[in-house]
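Asker: Structure supplied as my_file.cif; contents: mmCIF, C-alpha atoms.
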data_my_file
loop_
_atom_site.group_PDB
_atom_site.id
_atom_site.type_symbol
_atom_site.label_atom_id
_atom_site.label_comp_id
_atom_site.auth_asym_id
_atom_site.auth_seq_id
_atom_site.Cartn_x
_atom_site.Cartn_y
_atom_site.Cartn_z
ATOM 1 C CA MET A 51 0.000 0.000 0.000
ATOM 2 C CA ILE A 52 1.458 3.330 -1.073
ATOM 3 C CA PRO A 53 1.058 6.042 1.581
ATOM 4 C CA THR A 54 -0.689 9.162 0.430
ATOM 5 C CA VAL A 55 0.819 12.558 1.047
ATOM 6 C CA PRO A 56 -1.633 15.345 1.857
ATOM 7 C CA SER A 57 -1.656 17.943 -0.868
ATOM 8 C CA GLN A 58 -0.514 21.359 0.179
ATOM 9 C CA GLN A 59 -2.265 23.716 -2.127
ATOM 10 C CA GLU A 60 -1.440 27.371 -1.798
ATOM 11 C CA PRO A 61 -4.557 29.503 -1.327
ATOM 12 C CA VAL A 62 -5.570 31.660 -4.239
ATOM 13 C CA PHE A 63 -5.700 34.721 -1.992
ATOM 14 C CA ASN A 64 -3.036 34.756 0.678
ATOM 15 C CA VAL A 65 -4.085 37.904 2.521
ATOM 16 C CA PRO A 66 -3.251 38.446 6.214
ATOM 17 C CA LYS A 67 -6.272 38.452 8.497
ATOM 18 C CA VAL A 68 -5.678 42.009 9.689
ATOM 19 C CA VAL A 69 -5.869 43.299 6.108
ATOM 20 C CA VAL A 70 -9.103 41.371 5.555
ATOM 21 C CA ALA A 71 -10.446 42.801 8.830
ATOM 22 C CA VAL A 72 -9.648 46.405 7.830
ATOM 23 C CA LEU A 73 -11.221 45.838 4.431
ATOM 24 C CA ALA A 74 -14.312 44.316 6.054
ATOM 25 C CA VAL A 75 -14.721 47.318 8.360
ATOM 26 C CA LEU A 76 -14.530 49.735 5.424
ATOM 27 C CA VAL A 77 -17.134 47.732 3.493
ATOM 28 C CA LEU A 78 -19.456 47.329 6.484
ATOM 29 C CA VAL A 79 -19.372 51.060 7.194
ATOM 30 C CA HIS A 80 -20.273 51.807 3.586
ATOM 31 C CA VAL A 81 -23.046 49.203 3.569
ATOM 32 C CA GLY A 82 -24.394 50.502 6.874
ATOM 33 C CA ARG A 83 -24.700 53.990 5.436
ATOM 34 C CA SER A 84 -27.004 52.655 2.724
ATOM 35 C CA PHE A 85 -29.698 52.045 5.368
ATOM 36 C CA LEU A 86 -29.723 55.705 6.400
ATOM 37 C CA SER A 87 -31.868 58.411 4.909
ATOM 38 C CA ALA A 88 -30.125 60.885 2.640
ATOM 39 C CA ASP A 89 -30.135 63.559 5.353
ATOM 40 C CA ASP A 90 -28.885 61.213 8.057
ATOM 41 C CA ASP A 91 -26.175 59.843 5.790
ATOM 42 C CA LEU A 92 -24.984 63.356 4.973
ATOM 43 C CA TRP A 93 -24.819 64.214 8.668
ATOM 44 C CA VAL A 94 -22.844 61.061 9.475
ATOM 45 C CA VAL A 95 -20.383 61.695 6.647
ATOM 46 C CA LEU A 96 -19.844 65.319 7.644
ATOM 47 C CA ALA A 97 -19.473 64.399 11.320
ATOM 48 C CA ALA A 98 -16.858 61.773 10.458
ATOM 49 C CA ALA A 99 -15.101 63.762 7.725
ATOM 50 C CA PHE A 100 -11.894 65.675 8.252
ATOM 51 C CA ILE A 101 -12.776 69.354 7.745
ATOM 52 C CA PRO A 102 -9.894 71.806 8.184
ATOM 53 C CA ALA A 103 -12.252 74.646 9.132
ATOM 54 C CA ARG A 104 -13.377 72.527 12.087
ATOM 55 C CA TYR A 105 -10.198 73.685 13.839
ATOM 56 C CA GLY A 106 -11.498 77.206 14.232
ATOM 57 C CA PRO A 107 -14.637 79.097 15.257
ATOM 58 C CA LEU A 108 -16.857 76.845 13.093
ATOM 59 C CA ALA A 109 -16.253 73.727 15.184
ATOM 60 C CA PRO A 110 -19.484 73.910 17.264
ATOM 61 C CA GLU A 111 -21.585 74.604 14.175
ATOM 62 C CA LEU A 112 -20.410 71.688 12.035
ATOM 63 C CA PRO A 113 -21.928 68.176 12.314
ATOM 64 C CA GLY A 114 -20.247 66.283 15.109
ATOM 65 C CA GLY A 115 -19.597 69.435 17.091
ATOM 66 C CA GLU A 116 -16.448 69.945 19.118
ATOM 67 C CA LEU A 117 -16.057 66.196 19.728
ATOM 68 C CA ALA A 118 -15.351 65.734 16.027
ATOM 69 C CA VAL A 119 -12.264 67.928 16.410
ATOM 70 C CA PHE A 120 -10.663 64.920 18.107
ATOM 71 C CA THR A 121 -12.460 62.030 16.359
ATOM 72 C CA SER A 122 -12.517 63.132 12.712
ATOM 73 C CA PRO A 123 -8.759 62.663 12.081
ATOM 74 C CA PHE A 124 -9.489 58.973 12.701
ATOM 75 C CA THR A 125 -13.070 58.518 11.481
ATOM 76 C CA HIS A 126 -12.527 60.150 8.085
ATOM 77 C CA MET A 127 -10.596 57.015 7.070
ATOM 78 C CA LEU A 128 -13.750 54.921 7.435
ATOM 79 C CA MET A 129 -15.858 56.928 4.979
ATOM 80 C CA HIS A 130 -15.820 56.769 1.180
ATOM 81 C CA GLY A 131 -17.634 58.812 -1.415
ATOM 82 C CA ASP A 132 -19.077 55.890 -3.367
ATOM 83 C CA TRP A 133 -18.462 52.257 -4.259
ATOM 84 C CA VAL A 134 -15.875 53.179 -6.886
ATOM 85 C CA HIS A 135 -13.884 55.163 -4.314
ATOM 86 C CA LEU A 136 -14.094 52.245 -1.876
ATOM 87 C CA ALA A 137 -13.161 49.693 -4.550
ATOM 88 C CA LEU A 138 -10.060 51.639 -5.582
ATOM 89 C CA ASN A 139 -8.862 52.026 -2.011
ATOM 90 C CA SER A 140 -9.612 48.369 -1.321
ATOM 91 C CA ALA A 141 -7.523 47.294 -4.308
ATOM 92 C CA TRP A 142 -4.566 49.398 -3.148
ATOM 93 C CA LEU A 143 -5.004 48.115 0.400
ATOM 94 C CA LEU A 144 -4.748 44.540 -0.859
ATOM 95 C CA ALA A 145 -1.791 45.431 -3.060
ATOM 96 C CA PHE A 146 0.340 47.121 -0.409
ATOM 97 C CA GLY A 147 -1.094 45.891 2.888
ATOM 98 C CA GLY A 148 -0.322 42.181 2.716
ATOM 99 C CA ALA A 149 3.466 42.218 2.770
ATOM 100 C CA ILE A 150 3.595 44.926 5.421
ATOM 101 C CA ALA A 151 1.139 43.052 7.643
ATOM 102 C CA GLU A 152 3.264 39.890 7.312
ATOM 103 C CA ARG A 153 6.370 41.814 8.355
ATOM 104 C CA THR A 154 4.926 43.943 11.146
ATOM 105 C CA GLY A 155 2.246 41.805 12.721
ATOM 106 C CA THR A 156 -1.279 42.907 13.549
ATOM 107 C CA VAL A 157 -0.685 45.577 16.180
ATOM 108 C CA ARG A 158 2.143 47.349 14.365
ATOM 109 C CA PHE A 159 0.231 47.172 11.085
ATOM 110 C CA LEU A 160 -2.823 48.879 12.578
ATOM 111 C CA LEU A 161 -0.653 51.481 14.277
ATOM 112 C CA PHE A 162 1.299 52.201 11.087
ATOM 113 C CA PHE A 163 -1.916 52.383 9.039
ATOM 114 C CA THR A 164 -3.479 54.805 11.517
ATOM 115 C CA VAL A 165 -0.417 57.037 11.862
ATOM 116 C CA CYS A 166 -0.137 57.363 8.083
ATOM 117 C CA GLY A 167 -3.814 58.303 7.889
ATOM 118 C CA LEU A 168 -3.284 60.966 10.546
ATOM 119 C CA ALA A 169 -0.310 62.297 8.601
ATOM 120 C CA GLY A 170 -2.495 62.539 5.514
ATOM 121 C CA ALA A 171 -5.094 64.548 7.421
ATOM 122 C CA PHE A 172 -2.419 66.832 8.845
ATOM 123 C CA ALA A 173 -0.942 67.468 5.387
ATOM 124 C CA PHE A 174 -4.419 68.261 4.072
ATOM 125 C CA TYR A 175 -4.910 70.725 6.932
ATOM 126 C CA LEU A 176 -1.583 72.449 6.298
ATOM 127 C CA ALA A 177 -2.545 73.047 2.665
ATOM 128 C CA ASN A 178 -6.171 73.990 3.345
ATOM 129 C CA SER A 179 -6.371 75.358 6.877
ATOM 130 C CA GLU A 180 -9.611 77.306 6.327
ATOM 131 C CA LEU A 181 -11.346 74.925 3.919
ATOM 132 C CA VAL A 182 -14.896 73.887 4.798
ATOM 133 C CA GLN A 183 -14.976 71.106 2.201
ATOM 134 C CA PRO A 184 -14.803 67.671 3.878
ATOM 135 C CA MET A 185 -12.172 65.044 3.173
ATOM 136 C CA ILE A 186 -12.995 61.360 3.530
ATOM 137 C CA GLY A 187 -11.334 58.064 2.660
ATOM 138 C CA ALA A 188 -8.428 55.864 3.717
ATOM 139 C CA SER A 189 -6.192 57.079 0.876
ATOM 140 C CA GLY A 190 -3.667 58.764 3.171
ATOM 141 C CA ALA A 191 -3.234 55.613 5.223
ATOM 142 C CA ILE A 192 -2.966 53.422 2.131
ATOM 143 C CA SER A 193 -0.457 55.794 0.551
ATOM 144 C CA GLY A 194 1.593 55.285 3.704
ATOM 145 C CA LEU A 195 1.511 51.535 3.071
ATOM 146 C CA MET A 196 2.880 52.227 -0.391
ATOM 147 C CA GLY A 197 5.689 54.366 1.014
ATOM 148 C CA GLY A 198 6.579 51.677 3.516
ATOM 149 C CA THR A 199 6.474 48.904 0.917
ATOM 150 C CA LEU A 200 9.040 50.702 -1.243
ATOM 151 C CA ARG A 201 11.582 50.196 1.538
ATOM 152 C CA PHE A 202 11.646 46.452 0.751
ATOM 153 C CA LEU A 203 10.002 46.249 -2.684
ATOM 154 C CA PHE A 204 13.114 47.089 -4.662
ATOM 155 C CA PRO A 205 15.369 44.798 -2.589
ATOM 156 C CA ALA A 206 12.860 42.041 -3.392
ATOM 157 C CA ILE A 207 13.037 42.807 -7.108
ATOM 158 C CA ASP A 208 16.833 42.777 -6.950
ATOM 159 C CA SER A 209 16.959 39.402 -5.227
ATOM 160 C CA GLY A 210 14.110 37.310 -6.553
ATOM 161 C CA GLY A 211 11.342 39.425 -8.006
ATOM 162 C CA PHE A 212 7.742 40.050 -7.032
ATOM 163 C CA ARG A 213 7.203 36.368 -6.224
ATOM 164 C CA ARG A 214 9.448 36.687 -3.188
ATOM 165 C CA LEU A 215 7.444 39.712 -2.067
ATOM 166 C CA ARG A 216 4.292 37.600 -2.071
ATOM 167 C CA GLU A 217 5.642 34.295 -0.816
ATOM 168 C CA ALA A 218 8.317 35.304 1.714
ATOM 169 C CA PRO A 219 8.095 39.003 2.566
ATOM 170 C CA ARG A 220 9.865 38.515 5.892
ATOM 171 C CA SER A 221 12.964 37.224 4.125
ATOM 172 C CA ILE A 222 13.521 40.502 2.268
ATOM 173 C CA PRO A 223 16.081 42.907 3.723
ATOM 174 C CA LEU A 224 14.777 46.346 4.603
ATOM 175 C CA MET A 225 16.432 49.416 3.130
ATOM 176 C CA SER A 226 17.623 51.845 5.746
ATOM 177 C CA LEU A 227 16.190 55.327 5.385
ATOM 178 C CA ALA A 228 19.555 56.575 4.132
ATOM 179 C CA GLU A 229 19.639 53.835 1.493
ATOM 180 C CA ALA A 230 16.067 54.597 0.468
ATOM 181 C CA LEU A 231 16.804 58.284 0.046
ATOM 182 C CA ARG A 232 19.735 57.420 -2.227
ATOM 183 C CA ASP A 233 17.879 54.836 -4.304
ATOM 184 C CA ARG A 234 17.113 56.279 -7.730
ATOM 185 C CA ARG A 235 13.942 54.212 -8.154
ATOM 186 C CA ILE A 236 12.455 55.486 -4.912
ATOM 187 C CA LEU A 237 13.477 59.052 -5.714
ATOM 188 C CA VAL A 238 11.854 58.843 -9.159
ATOM 189 C CA THR A 239 8.663 57.346 -7.697
ATOM 190 C CA SER A 240 8.521 60.062 -5.036
ATOM 191 C CA ALA A 241 9.195 62.809 -7.573
ATOM 192 C CA ILE A 242 6.343 61.580 -9.772
ATOM 193 C CA LEU A 243 3.935 61.563 -6.820
ATOM 194 C CA VAL A 244 5.003 65.069 -5.806
ATOM 195 C CA LEU A 245 4.590 66.311 -9.378
ATOM 196 C CA ILE A 246 1.120 64.806 -9.666
ATOM 197 C CA SER A 247 0.206 66.340 -6.322
ATOM 198 C CA VAL A 248 1.404 69.799 -7.324
ATOM 199 C CA LEU A 249 -0.391 69.668 -10.680
ATOM 200 C CA THR A 250 -3.582 68.556 -8.956
ATOM 201 C CA ILE A 251 -3.383 71.211 -6.245
ATOM 202 C CA ILE A 252 -2.952 74.032 -8.755
ATOM 203 C CA GLY A 253 -5.660 72.581 -10.990
ATOM 204 C CA PHE A 254 -3.467 71.855 -14.022
ATOM 205 C CA GLY A 255 -5.515 70.553 -16.927
ATOM 206 C CA GLY A 256 -8.772 70.913 -15.006
ATOM 207 C CA ALA A 257 -7.603 68.481 -12.332
ATOM 208 C CA GLN A 258 -9.515 70.309 -9.616
ATOM 209 C CA ASN A 259 -13.245 69.845 -9.725
ATOM 210 C CA SER A 260 -16.121 68.884 -7.483
ATOM 211 C CA ALA A 261 -14.730 65.363 -7.174
ATOM 212 C CA GLU A 262 -11.120 66.386 -6.665
ATOM 213 C CA ILE A 263 -8.607 64.023 -5.137
ATOM 214 C CA ALA A 264 -7.006 65.078 -1.863
ATOM 215 C CA TRP A 265 -3.445 64.633 -3.105
ATOM 216 C CA GLU A 266 -2.158 66.539 -0.096
ATOM 217 C CA ALA A 267 -3.370 63.668 2.083
ATOM 218 C CA HIS A 268 -1.936 61.085 -0.315
ATOM 219 C CA LEU A 269 1.438 62.768 -0.266
ATOM 220 C CA GLY A 270 1.458 63.280 3.508
ATOM 221 C CA GLY A 271 0.659 59.630 4.157
ATOM 222 C CA TYR A 272 3.171 58.425 1.574
ATOM 223 C CA LEU A 273 6.052 60.490 2.942
ATOM 224 C CA LEU A 274 5.391 59.484 6.532
ATOM 225 C CA GLY A 275 5.200 55.848 5.466
ATOM 226 C CA LEU A 276 8.461 56.077 3.565
ATOM 227 C CA PHE A 277 10.319 57.894 6.348
ATOM 228 C CA THR A 278 9.018 56.026 9.409
ATOM 229 C CA TYR A 279 8.308 52.475 8.263
ATOM 230 C CA GLY A 280 11.577 51.225 9.760
ATOM 231 C CA LEU A 281 10.210 52.036 13.229
ATOM 232 C CA PHE A 282 7.345 49.575 12.703
ATOM 233 C CA ASP A 283 9.082 46.798 10.758
ATOM 234 C CA ASP A 284 9.307 43.774 13.051
ATOM 235 C CA VAL A 285 11.799 41.962 10.792
ATOM 236 C CA SER A 286 14.408 44.717 10.907
ATOM 237 C CA ARG A 287 13.943 45.086 14.669
ATOM 238 C CA ALA A 288 14.549 41.369 15.157
ATOM 239 C CA GLU A 289 17.679 41.520 13.011
ATOM 240 C CA ASP A 290 18.997 44.458 15.045
ATOM 241 C CA GLN A 291 18.523 42.455 18.233
ATOM 242 C CA ARG A 292 20.491 39.550 16.777
ATOM 243 C CA GLN A 293 23.497 41.706 15.916
ATOM 244 C CA PRO A 294 26.482 40.986 18.209
ATOM 245 C CA ASN A 295 27.459 43.751 20.565
ATOM 246 C CA ASP A 296 30.905 45.268 20.197
ATOM 247 C CA ASP A 297 32.891 45.367 23.436
#
Now that the file is in, can you turn its structure into structure tokens?
Answerer:
Amino acid sequence: MIPTVPSQQEPVFNVPKVVVAVLAVLVLVHVGRSFLSADDDLWVVLAAAFIPARYGPLAPELPGGELAVFTSPFTHMLMHGDWVHLALNSAWLLAFGGAIAERTGTVRFLLFFTVCGLAGAFAFYLANSELVQPMIGASGAISGLMGGTLRFLFPAIDSGGFRRLREAPRSIPLMSLAEALRDRRILVTSAILVLISVLTIIGFGGAQNSAEIAWEAHLGGYLLGLFTYGLFDDVSRAEDQRQPNDD
């Protein structure tokens, strides 16, 4: 009798649970809003949205009141304009969240995601300190995931390609910040994002309209992710601890 060996089939979607959980929360929030009346939904969105003018005399008059001054930098990440907006952010979350979640673990992933989202809101405020128009969406946080991923994406390409990024992200060495700031590929990517942001902010080619993209938030989240990811990366921290001490 020939013994049978259990087949080990790799799942089609190998997504860390924390990424699935974040995605599920974003979808559930959007679905939940569909049960509200148009007026109630508008109030909820405005109360959760990040509104720069909220940090001034208008705070008590805006939906959410003064409490939203403290909550909206967090809650704006949960809201999306429509299903297309949510779908795009979900796709980018799946693209850049998996490898980072594998490297950082659940707690550090959520902390990094949140901090990048806060950085996006802060950048939006700096560029639009008196704006009453609300900003919603997790784009700043997801842009931070992109910035963080670049710190080990190019080392992965240099030593095995995208397959290594998907199959063994913890085996990829992390670029130091100094190395990242000298890497031509990262500099070119960053320059392109900055250029797109500037062109969008000044309205080049009709880029600014009623459905404008908050590129300030994208850029703020991306830069914080790129600069600070090393503080959250559990792999690099473990390697540092294994280094012998010099006497």
Asker: Which neighbours of Ala230 (chain A) fall inside 7 Å, counting only C-alpha atoms, when residues of the same chain fewer than 5 positions from it are skipped, and could you give them as a PDB file with C-alpha atoms, in the coordinates of the input?
Answerer:
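What follows is the written file around-v1.pdb:
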ATOM      1  CA  ARG A 201      11.582  50.196   1.538  1.00  0.00           C
ATOM      2  CA  MET A 225      16.432  49.416   3.130  1.00  0.00           C
ATOM      3  CA  ILE A 236      12.455  55.486  -4.912  1.00  0.00           C
TER       4      ILE A 236
END
Asker: In Å, how far is it from CA of Phe100 (chain A) to CA of Gly187 (chain A)?
Answerer: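 Separating CA of Phe100 (chain A) from CA of Gly187 (chain A) is a distance of 9.5 Å.
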Asker: Around all listed atoms of region 199-207 of chain A, padded 8 Å per side, what centre and edge lengths does the axis-aligned box have in Å to one decimal, as lines of an AutoDock Vina configuration file?
Answerer:
center_x = 10.9
center_y = 46.4
center_z = -2.8
size_x = 24.9
size_y = 24.7
size_z = 24.6
Asker: I'd like the interatomic distance between CA of His80 (chain A) and CA of Thr125 (chain A), to a tenth of an Å.
Answerer: 12.6 Å
Asker: So that I can see what lies close to Pro113 (chain A), please list as a list in words the residues with an atom at most 10 Å from it, counting only C-alpha atoms and leaving out residues fewer than 5 positions away in the same chain.
Answerer: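 Residues near the query, excluding close chain neighbours: Leu92, Trp93, Val94, Val95, Leu96, Ala97, Ala98, Ala99, Arg104 and Ala118 of chain A.
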Asker: Measuring atom to atom with only C-alpha atoms, identify which of A:Val68, A:Val165, A:Leu231, A:Ala191 is nearest to Ala151 (chain A).
Answerer: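 Closest to Ala151 (chain A) of all the choices is A:Val68.
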Asker: What do you get, as a PyMOL selection string, if you spell out every residue that the PyMOL selection byres ((chain A and resi 106) around 12) selects here?
Answerer: chain A and resi 101-105+107-112+115-116+119+175+179-182
Asker: Keeping only C-alpha atoms, write the selected residues to a file as a PDB file, in the frame of the given file.
Answerer:
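Output file again-v9.pdb is given in full below:
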ATOM      1  CA  ILE A 101     -12.776  69.354   7.745  1.00  0.00           C
ATOM      2  CA  PRO A 102      -9.894  71.806   8.184  1.00  0.00           C
ATOM      3  CA  ALA A 103     -12.252  74.646   9.132  1.00  0.00           C
ATOM      4  CA  ARG A 104     -13.377  72.527  12.087  1.00  0.00           C
ATOM      5  CA  TYR A 105     -10.198  73.685  13.839  1.00  0.00           C
ATOM      6  CA  PRO A 107     -14.637  79.097  15.257  1.00  0.00           C
ATOM      7  CA  LEU A 108     -16.857  76.845  13.093  1.00  0.00           C
ATOM      8  CA  ALA A 109     -16.253  73.727  15.184  1.00  0.00           C
ATOM      9  CA  PRO A 110     -19.484  73.910  17.264  1.00  0.00           C
ATOM     10  CA  GLU A 111     -21.585  74.604  14.175  1.00  0.00           C
ATOM     11  CA  LEU A 112     -20.410  71.688  12.035  1.00  0.00           C
ATOM     12  CA  GLY A 115     -19.597  69.435  17.091  1.00  0.00           C
ATOM     13  CA  GLU A 116     -16.448  69.945  19.118  1.00  0.00           C
ATOM     14  CA  VAL A 119     -12.264  67.928  16.410  1.00  0.00           C
ATOM     15  CA  TYR A 175      -4.910  70.725   6.932  1.00  0.00           C
ATOM     16  CA  SER A 179      -6.371  75.358   6.877  1.00  0.00           C
ATOM     17  CA  GLU A 180      -9.611  77.306   6.327  1.00  0.00           C
ATOM     18  CA  LEU A 181     -11.346  74.925   3.919  1.00  0.00           C
ATOM     19  CA  VAL A 182     -14.896  73.887   4.798  1.00  0.00           C
TER      20      VAL A 182
END
Asker: Looking at all atoms listed in the file, which of A:Asn139, A:Gln183, A:Thr278, A:Thr121 is the one that sits closest to Leu76 (chain A)?
Answerer: A:Asn139
Asker: Just want the 6 Å neighbourhood of Gly270 (chain A), counted on all atoms listed in the file, with same-chain residues fewer than 4 positions away dropped. Output as a PDB file with C-alpha atoms, in the coordinates of the input.
Answerer:
ATOM      1  CA  ALA A 169      -0.310  62.297   8.601  1.00  0.00           C
ATOM      2  CA  GLY A 170      -2.495  62.539   5.514  1.00  0.00           C
ATOM      3  CA  ALA A 173      -0.942  67.468   5.387  1.00  0.00           C
TER       4      ALA A 173
END
Asker: Between A:Thr156, A:Arg235, A:Ser193, A:Leu249, which residue has the minimum interatomic distance to Asp208 (chain A), considering only C-alpha atoms?
Answerer: A:Arg235
Asker: Contacts of Pro219 (chain A) at 12 Å or less, counting only C-alpha atoms, minus same-chain residues fewer than 6 places along, as a ChimeraX atom specification?
Answerer: /A:66,146-154,199,201-207,209-213,283-286
Asker: Rounded to one decimal in Å, what is the spacing between CA of Gly190 (chain A) and CA of Phe172 (chain A)?
Answerer: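 Atom-to-atom, CA of Gly190 (chain A) to CA of Phe172 (chain A), that is 9.9 Å.
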Asker: Near Pro123 (chain A), within 7 Å and counting only C-alpha atoms, which residues show up once chain neighbours fewer than 3 positions away are dropped, as JSON, numbers by chain?
Answerer: {"A": [100, 120, 126, 168, 171]}
Asker: Taking into account only C-alpha atoms, which residue in the set A:His130, A:Arg83, A:Arg158, A:Arg216 is nearest to Asn64 (chain A)?
Answerer: A:Arg216
Asker: Once the PyMOL selection byres ((chain A and resi 192) around 12) has been applied to the shown file, what residues remain in the selection, as a PyMOL selection string?
Answerer: chain A and resi 69+72-73+127+136+138-148+150+159-160+162-170+187-191+193-199+267-276
